[in-house]
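Written below as structure tokens is the structure these notes are about.
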Amino acid sequence: MTDRRDNTDENLPGAPARAGGPDAAAAAPDPAGPAPAPPISALLDAAAAAALPVLRGVRDDQLGLPTPCAEYDVRALLNHLFHVVVAFQELAAKKDVDFSTTPDRLGAYGARWPDRFAEETTRLVEAWAAPGAEEGLTGGMNLPARTVGAMVLLDLTVHAWDVARATGLPYAPAAGCVAELRALVAQMAPTARKMNVFADPFPLPPGACALDALLAETGRDPHWTGS
């Protein structure tokens with residue numbers, strides 16, 4: 001996965017544009033303007049579809065493994081993500097949420113926890129698809145509602161990667177989510193680092209893919225291993 005396009009003679013630096021050709025058409029302004037951003041509910045639906053195969057693949061004997069989030073093992077991270085998915089349903093409805101404790105839903109639901117998690121992601125998508133969910137302010141910090149919706153999208157995307165890295169499972173983020181999340185992280189990272197939500201950016205070599213760049217911006221090593 002990469003943001004770079006295939007190189008052709010026409011898009012190399014300094015290559016002349018062809019009059020009236022594809023370059024001229026690309027340079028012309030789009031009379032319709034930029035495409036509207038997809039609804040947060042659609043992005044959440046796609047992110048959940050990408051995350052669920054990872055979560056369903058976690059074995060009981062992997063729940064104690066470390067994750068890229070140093071303060072969480074796999075079990076604690078899954079409970080955290082479960083709590084976030086449930087809590088942000090309430091935030092979509094402009095209600096207050098208590099994040100002071102994290103219920104042990106894996107313990108409560110036993111072997112059925114992946115099915116219950118899937119049900120809660122469906123409710124999350126429905127909550128953010130409700131009329132007015134993306135409008136106005138919500139949450140204790142009175143942030144724009146779409147920003148709050150993007151925050152749960154970030155958790156659903158990045159924590160799915162965390163679990164995949166911890167357990168050796170494959171994971172690819174849903175299309176469109178990484179671009180949305182990089183914009184969110186660029187906006188919120190300074191405050192998040194002051195609050196110790198993000199670590200300092202992880203250094204990356206030139207040409208890193210968009211997912212690696214997103215992970216690095218949250219303070220993660222995209223090549224983390226548990227060893």
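Identifiers for the structure tokens are assigned positionally: chains receive A, B, ... in sequence, residues are indexed from 1 per chain, and ligands are indexed from 1 in the order shown.
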Selection near Gly132 (chain A), 12 Å with only C-alpha atoms, sequence-local residues under 6 positions removed, as an MDAnalysis selection string: chainID A and resid 39:41 91:94 138 144:146
- prompt: Could you pull out the alpha helix (DSSP H) residues of region 19-225 of chain A from DSSP and send them as a ChimeraX atom specification?
  reply: /A:22-27,40-56,74-92,105-109,113-129,145-167,177-194,210-217
Just write the chosen residues, C-alpha atoms, as a JSON list (two decimals), in the first residue's frame.
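File produced: part21.json:
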```json
[["chain", "number", "residue", "atom", "x", "y", "z"],
["A", 22, "PRO", "CA", -4.54, 14.30, -20.19],
["A", 23, "ASP", "CA", -2.34, 16.69, -18.19],
["A", 24, "ALA", "CA", -4.31, 19.69, -19.37],
["A", 25, "ALA", "CA", -7.56, 18.02, -18.41],
["A", 26, "ALA", "CA", -6.19, 17.10, -15.00],
["A", 27, "ALA", "CA", -5.05, 20.67, -14.39],
["A", 40, "ILE", "CA", -18.25, 8.68, 9.18],
["A", 41, "SER", "CA", -20.78, 5.85, 9.43],
["A", 42, "ALA", "CA", -19.62, 4.47, 6.06],
["A", 43, "LEU", "CA", -15.98, 4.62, 7.13],
["A", 44, "LEU", "CA", -16.82, 2.94, 10.43],
["A", 45, "ASP", "CA", -18.69, 0.19, 8.61],
["A", 46, "ALA", "CA", -15.66, -0.44, 6.38],
["A", 47, "ALA", "CA", -13.23, -0.29, 9.32],
["A", 48, "ALA", "CA", -15.30, -2.79, 11.30],
["A", 49, "ALA", "CA", -15.37, -5.16, 8.34],
["A", 50, "ALA", "CA", -11.57, -4.98, 8.16],
["A", 51, "ALA", "CA", -11.09, -5.40, 11.92],
["A", 52, "LEU", "CA", -13.50, -8.26, 12.65],
["A", 53, "PRO", "CA", -11.53, -11.03, 10.91],
["A", 54, "VAL", "CA", -8.52, -10.10, 13.05],
["A", 55, "LEU", "CA", -10.49, -10.15, 16.29],
["A", 56, "ARG", "CA", -12.21, -13.40, 15.40],
["A", 74, "VAL", "CA", -4.14, -8.41, 23.98],
["A", 75, "ARG", "CA", -6.98, -9.03, 26.43],
["A", 76, "ALA", "CA", -6.81, -5.54, 27.93],
["A", 77, "LEU", "CA", -6.60, -3.95, 24.48],
["A", 78, "LEU", "CA", -9.66, -5.86, 23.27],
["A", 79, "ASN", "CA", -11.61, -4.81, 26.36],
["A", 80, "HIS", "CA", -10.51, -1.21, 25.76],
["A", 81, "LEU", "CA", -11.60, -1.32, 22.12],
["A", 82, "PHE", "CA", -14.90, -2.94, 23.13],
["A", 83, "HIS", "CA", -15.49, -0.12, 25.63],
["A", 84, "VAL", "CA", -14.69, 2.54, 23.02],
["A", 85, "VAL", "CA", -17.07, 1.03, 20.45],
["A", 86, "VAL", "CA", -19.91, 0.98, 22.99],
["A", 87, "ALA", "CA", -19.18, 4.42, 24.45],
["A", 88, "PHE", "CA", -19.02, 6.18, 21.10],
["A", 89, "GLN", "CA", -22.54, 5.04, 20.33],
["A", 90, "GLU", "CA", -23.60, 7.33, 23.18],
["A", 91, "LEU", "CA", -21.38, 10.15, 21.94],
["A", 92, "ALA", "CA", -23.08, 9.96, 18.54],
["A", 105, "ARG", "CA", -16.50, -7.74, 28.49],
["A", 106, "LEU", "CA", -14.34, -10.63, 27.33],
["A", 107, "GLY", "CA", -14.82, -12.20, 30.74],
["A", 108, "ALA", "CA", -18.54, -11.44, 30.77],
["A", 109, "TYR", "CA", -19.25, -12.80, 27.28],
["A", 113, "TRP", "CA", -17.26, -12.03, 22.77],
["A", 114, "PRO", "CA", -16.40, -11.75, 19.04],
["A", 115, "ASP", "CA", -20.09, -12.02, 18.11],
["A", 116, "ARG", "CA", -21.03, -9.42, 20.72],
["A", 117, "PHE", "CA", -18.28, -7.14, 19.46],
["A", 118, "ALA", "CA", -19.64, -7.48, 15.92],
["A", 119, "GLU", "CA", -23.11, -6.58, 17.19],
["A", 120, "GLU", "CA", -21.75, -3.49, 18.93],
["A", 121, "THR", "CA", -19.94, -2.33, 15.79],
["A", 122, "THR", "CA", -23.25, -2.60, 13.92],
["A", 123, "ARG", "CA", -24.84, -0.41, 16.59],
["A", 124, "LEU", "CA", -21.93, 2.01, 16.32],
["A", 125, "VAL", "CA", -22.44, 2.39, 12.57],
["A", 126, "GLU", "CA", -26.18, 2.88, 13.06],
["A", 127, "ALA", "CA", -25.59, 5.49, 15.76],
["A", 128, "TRP", "CA", -23.31, 7.57, 13.54],
["A", 129, "ALA", "CA", -25.65, 7.18, 10.56],
["A", 145, "ALA", "CA", -19.10, 15.67, 16.10],
["A", 146, "ARG", "CA", -17.32, 14.46, 12.95],
["A", 147, "THR", "CA", -13.99, 14.76, 14.74],
["A", 148, "VAL", "CA", -15.33, 12.61, 17.58],
["A", 149, "GLY", "CA", -16.59, 10.06, 15.08],
["A", 150, "ALA", "CA", -13.14, 10.00, 13.48],
["A", 151, "MET", "CA", -11.62, 9.30, 16.90],
["A", 152, "VAL", "CA", -13.46, 5.98, 17.21],
["A", 153, "LEU", "CA", -12.53, 5.27, 13.59],
["A", 154, "LEU", "CA", -8.90, 5.75, 14.63],
["A", 155, "ASP", "CA", -9.23, 3.29, 17.51],
["A", 156, "LEU", "CA", -11.02, 0.73, 15.35],
["A", 157, "THR", "CA", -8.33, 0.97, 12.67],
["A", 158, "VAL", "CA", -5.13, 1.31, 14.69],
["A", 159, "HIS", "CA", -6.07, -1.10, 17.48],
["A", 160, "ALA", "CA", -7.01, -3.73, 14.89],
["A", 161, "TRP", "CA", -3.46, -3.33, 13.59],
["A", 162, "ASP", "CA", -2.14, -3.58, 17.18],
["A", 163, "VAL", "CA", -3.96, -6.88, 17.71],
["A", 164, "ALA", "CA", -2.84, -8.20, 14.34],
["A", 165, "ARG", "CA", 0.80, -7.40, 15.08],
["A", 166, "ALA", "CA", 0.57, -8.96, 18.52],
["A", 167, "THR", "CA", -0.97, -12.20, 17.24],
["A", 177, "CYS", "CA", -9.89, 5.31, 6.32],
["A", 178, "VAL", "CA", -6.17, 6.06, 6.42],
["A", 179, "ALA", "CA", -6.50, 9.39, 4.58],
["A", 180, "GLU", "CA", -9.28, 10.50, 6.96],
["A", 181, "LEU", "CA", -7.23, 9.44, 9.97],
["A", 182, "ARG", "CA", -4.01, 11.11, 8.89],
["A", 183, "ALA", "CA", -5.91, 14.39, 8.68],
["A", 184, "LEU", "CA", -7.33, 13.77, 12.17],
["A", 185, "VAL", "CA", -3.94, 12.90, 13.66],
["A", 186, "ALA", "CA", -2.28, 15.94, 12.08],
["A", 187, "GLN", "CA", -4.95, 18.10, 13.73],
["A", 188, "MET", "CA", -4.97, 16.47, 17.17],
["A", 189, "ALA", "CA", -1.46, 15.07, 17.65],
["A", 190, "PRO", "CA", 0.03, 18.02, 19.59],
["A", 191, "THR", "CA", -2.74, 17.88, 22.19],
["A", 192, "ALA", "CA", -2.74, 14.08, 22.23],
["A", 193, "ARG", "CA", 1.00, 14.04, 22.96],
["A", 194, "LYS", "CA", 0.60, 16.51, 25.81],
["A", 210, "ALA", "CA", 0.33, 5.74, 4.22],
["A", 211, "LEU", "CA", -0.54, 3.18, 6.91],
["A", 212, "ASP", "CA", 3.03, 3.15, 8.24],
["A", 213, "ALA", "CA", 3.00, 6.96, 8.28],
["A", 214, "LEU", "CA", -0.27, 6.98, 10.26],
["A", 215, "LEU", "CA", 1.08, 4.48, 12.77],
["A", 216, "ALA", "CA", 4.32, 6.43, 13.16],
["A", 217, "GLU", "CA", 2.39, 9.66, 13.75]]
```
- request: Write out as a ChimeraX atom specification all residues of region 38-202 of chain A that backbone DSSP assigns to strand (DSSP E or B).
  value: /A:66,73,137-138,143-144
Dump C-alpha atoms for the selected residues as a PDB file, in the first residue's frame?
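See result-v9.pdb below for the written result:
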```pdb
ATOM      1  CA  PRO A  66       2.102  -7.924  24.617  1.00  0.00           C
ATOM      2  CA  ASP A  73      -1.802  -6.980  26.624  1.00  0.00           C
ATOM      3  CA  LEU A 137     -20.480  19.455  19.102  1.00  0.00           C
ATOM      4  CA  THR A 138     -20.255  16.366  21.282  1.00  0.00           C
ATOM      5  CA  LEU A 143     -15.376  18.774  19.845  1.00  0.00           C
ATOM      6  CA  PRO A 144     -17.015  18.822  16.401  1.00  0.00           C
TER       7      PRO A 144
END
```
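Proximity ranking of A:Pro203, A:Gly57, A:Pro36, A:Pro68 relative to Thr225 (chain A) places A:Pro68 first, based on only C-alpha atoms.
Straight-line separation from CA of Thr218 (chain A) to CA of Arg59 (chain A): 26.8 Å.
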